[in-house]
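I have placed the structure first, in the form of structure tokens, so that the comments after it can refer back to it.
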Amino acid sequence: MPGFSKLTTTAGLPAVNQAKEFACGNKEICIANVNGSYSAIDNICLHQGGPLGQGTIEKGKVVCPWHGWAYDPKTGAAAHNANAKVAVYPLKIENGDVMVEI
Ligand code: FES
């Protein structure tokens, strides 16, 4: 059934301008913190499956640690090709819990 699942608490969120990966059921989710604004995207890079949550944030984009593909964490679009998009998931914070809708 669709719905929001708890990923972590606010204490577990990445620091400003960092990304972090989380397991959610059989999915891996990357949460990006761009200047205090959080986004949840698929953790798997479209190039060769690199873990985006282990990447960096540069100029507001999540940069894959393997070969540097960069993604807009709000739209999921790859910087070099807007047709290449990772999934973006709704995220909400309630009572200190961080929830995503997969
Ligand atoms: S796997 Fe992400 S850039 Fe190659």
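Chain labels A, B, ... are given in the sequence in which chains occur in the structure tokens; within each chain residues are numbered consecutively from 1, and ligands are likewise numbered from 1 in the order shown.
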(request) Name the residues, by chain letter and number, that sit within 7 Å of ligand 1 using only C-alpha atoms and all ligand atoms, and give them as an NGL selection string. (result) :A and (45-50 or 64-69)
(message) According to DSSP computed on the backbone, where in chain A is there helix (DSSP H, G or I)? Give the residues as an MDAnalysis selection string.
(response) chainID A and resid 10:12 52:54
(message) I'd like to know which of A:Asn26, A:Gln18, A:Asn81, A:Gln54 is closest to Ser39 of chain A, using only C-alpha atoms.
(response) A:Gln18
(request) Mind the document's chain letters and residue numbers, and return as a ChimeraX atom specification the residues of segment 14-98 of chain A that DSSP labels strand (DSSP E). (result) /A:18-24,27-34,37-42,56-58,61-63,70-71,77-78,81-85,88-89,91-94,97-98
(message) Set the distance at 12 Å and use only C-alpha atoms: which residues neighbour Ala23 of chain A once local chain neighbours fewer than 2 positions away are removed? I'd like the list as an NGL selection string.
(response) :A and (5-8 or 20-21 or 25-31 or 40 or 42-44 or 51 or 53 or 100 or 102)
With N, CA, C and O atoms retained, write the just-selected residues as an mmCIF file, in the first residue's frame.
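Printed below is out-v4.cif as written:
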data_model
loop_
_atom_site.group_PDB
_atom_site.id
_atom_site.type_symbol
_atom_site.label_atom_id
_atom_site.label_comp_id
_atom_site.auth_asym_id
_atom_site.auth_seq_id
_atom_site.Cartn_x
_atom_site.Cartn_y
_atom_site.Cartn_z
ATOM 1 N N SER A 5 6.858 6.118 4.659
ATOM 2 C CA SER A 5 7.613 5.242 5.553
ATOM 3 C C SER A 5 8.676 6.073 6.249
ATOM 4 O O SER A 5 9.276 6.966 5.642
ATOM 5 N N LYS A 6 8.957 5.701 7.489
ATOM 6 C CA LYS A 6 9.982 6.419 8.244
ATOM 7 C C LYS A 6 11.366 5.974 7.781
ATOM 8 O O LYS A 6 11.656 4.782 7.728
ATOM 9 N N LEU A 7 12.202 6.952 7.436
ATOM 10 C CA LEU A 7 13.583 6.663 7.045
ATOM 11 C C LEU A 7 14.540 6.850 8.200
ATOM 12 O O LEU A 7 15.477 6.105 8.389
ATOM 13 N N THR A 8 14.329 7.913 8.935
ATOM 14 C CA THR A 8 15.255 8.285 9.997
ATOM 15 C C THR A 8 14.573 9.343 10.859
ATOM 16 O O THR A 8 13.395 9.650 10.657
ATOM 17 N N LYS A 20 23.290 11.662 2.051
ATOM 18 C CA LYS A 20 23.397 10.467 2.900
ATOM 19 C C LYS A 20 22.453 9.418 2.342
ATOM 20 O O LYS A 20 21.388 9.756 1.822
ATOM 21 N N GLU A 21 22.844 8.157 2.451
ATOM 22 C CA GLU A 21 21.989 7.096 1.909
ATOM 23 C C GLU A 21 21.282 6.341 3.030
ATOM 24 O O GLU A 21 21.813 6.211 4.129
ATOM 25 N N GLY A 25 12.918 -0.512 2.945
ATOM 26 C CA GLY A 25 12.428 -1.736 2.329
ATOM 27 C C GLY A 25 13.497 -2.269 1.393
ATOM 28 O O GLY A 25 14.657 -2.393 1.778
ATOM 29 N N ASN A 26 13.129 -2.533 0.147
ATOM 30 C CA ASN A 26 14.123 -3.036 -0.811
ATOM 31 C C ASN A 26 14.705 -1.912 -1.659
ATOM 32 O O ASN A 26 15.332 -2.159 -2.677
ATOM 33 N N LYS A 27 14.498 -0.664 -1.234
ATOM 34 C CA LYS A 27 15.033 0.477 -1.980
ATOM 35 C C LYS A 27 16.145 1.150 -1.199
ATOM 36 O O LYS A 27 16.230 1.026 0.019
ATOM 37 N N GLU A 28 16.965 1.876 -1.945
ATOM 38 C CA GLU A 28 17.957 2.735 -1.314
ATOM 39 C C GLU A 28 17.638 4.161 -1.718
ATOM 40 O O GLU A 28 17.424 4.450 -2.898
ATOM 41 N N ILE A 29 17.601 5.018 -0.722
ATOM 42 C CA ILE A 29 17.205 6.404 -0.918
ATOM 43 C C ILE A 29 18.375 7.309 -0.552
ATOM 44 O O ILE A 29 19.062 7.070 0.443
ATOM 45 N N CYS A 30 18.552 8.336 -1.350
ATOM 46 C CA CYS A 30 19.543 9.368 -1.049
ATOM 47 C C CYS A 30 18.794 10.598 -0.567
ATOM 48 O O CYS A 30 17.892 11.083 -1.263
ATOM 49 N N ILE A 31 19.152 11.081 0.605
ATOM 50 C CA ILE A 31 18.620 12.379 1.036
ATOM 51 C C ILE A 31 19.721 13.407 0.859
ATOM 52 O O ILE A 31 20.866 13.202 1.299
ATOM 53 N N ALA A 40 14.537 13.843 -1.322
ATOM 54 C CA ALA A 40 14.783 12.402 -1.343
ATOM 55 C C ALA A 40 14.745 11.934 -2.788
ATOM 56 O O ALA A 40 13.761 12.161 -3.501
ATOM 57 N N ASP A 42 16.234 8.634 -5.647
ATOM 58 C CA ASP A 42 16.759 7.277 -5.720
ATOM 59 C C ASP A 42 18.273 7.326 -5.534
ATOM 60 O O ASP A 42 18.943 8.233 -6.033
ATOM 61 N N ASN A 43 18.783 6.332 -4.815
ATOM 62 C CA ASN A 43 20.215 6.343 -4.481
ATOM 63 C C ASN A 43 21.097 5.820 -5.608
ATOM 64 O O ASN A 43 22.310 5.965 -5.546
ATOM 65 N N ILE A 44 20.484 5.223 -6.626
ATOM 66 C CA ILE A 44 21.260 4.506 -7.638
ATOM 67 C C ILE A 44 21.477 5.382 -8.871
ATOM 68 O O ILE A 44 20.536 5.738 -9.580
ATOM 69 N N PRO A 51 26.462 4.943 -5.782
ATOM 70 C CA PRO A 51 25.620 5.312 -4.640
ATOM 71 C C PRO A 51 25.589 6.835 -4.430
ATOM 72 O O PRO A 51 26.522 7.406 -3.864
ATOM 73 N N GLY A 53 24.041 8.721 -2.471
ATOM 74 C CA GLY A 53 24.089 9.193 -1.081
ATOM 75 C C GLY A 53 25.494 9.217 -0.497
ATOM 76 O O GLY A 53 25.703 9.754 0.581
ATOM 77 N N VAL A 100 9.350 9.297 3.925
ATOM 78 C CA VAL A 100 9.311 9.413 2.470
ATOM 79 C C VAL A 100 8.197 8.525 1.941
ATOM 80 O O VAL A 100 7.843 7.508 2.535
ATOM 81 N N ILE A 102 7.366 6.200 -1.012
ATOM 82 C CA ILE A 102 8.010 5.450 -2.108
ATOM 83 C C ILE A 102 6.950 5.019 -3.108
ATOM 84 O O ILE A 102 5.948 4.447 -2.731
#
(message) Set the distance at 9 Å and use only C-alpha atoms: which residues neighbour Tyr38 of chain A once local chain neighbours fewer than 4 positions away are removed? I'd like the list as a PyMOL selection string.
(response) chain A and resi 13-14+31-34+73-74+91
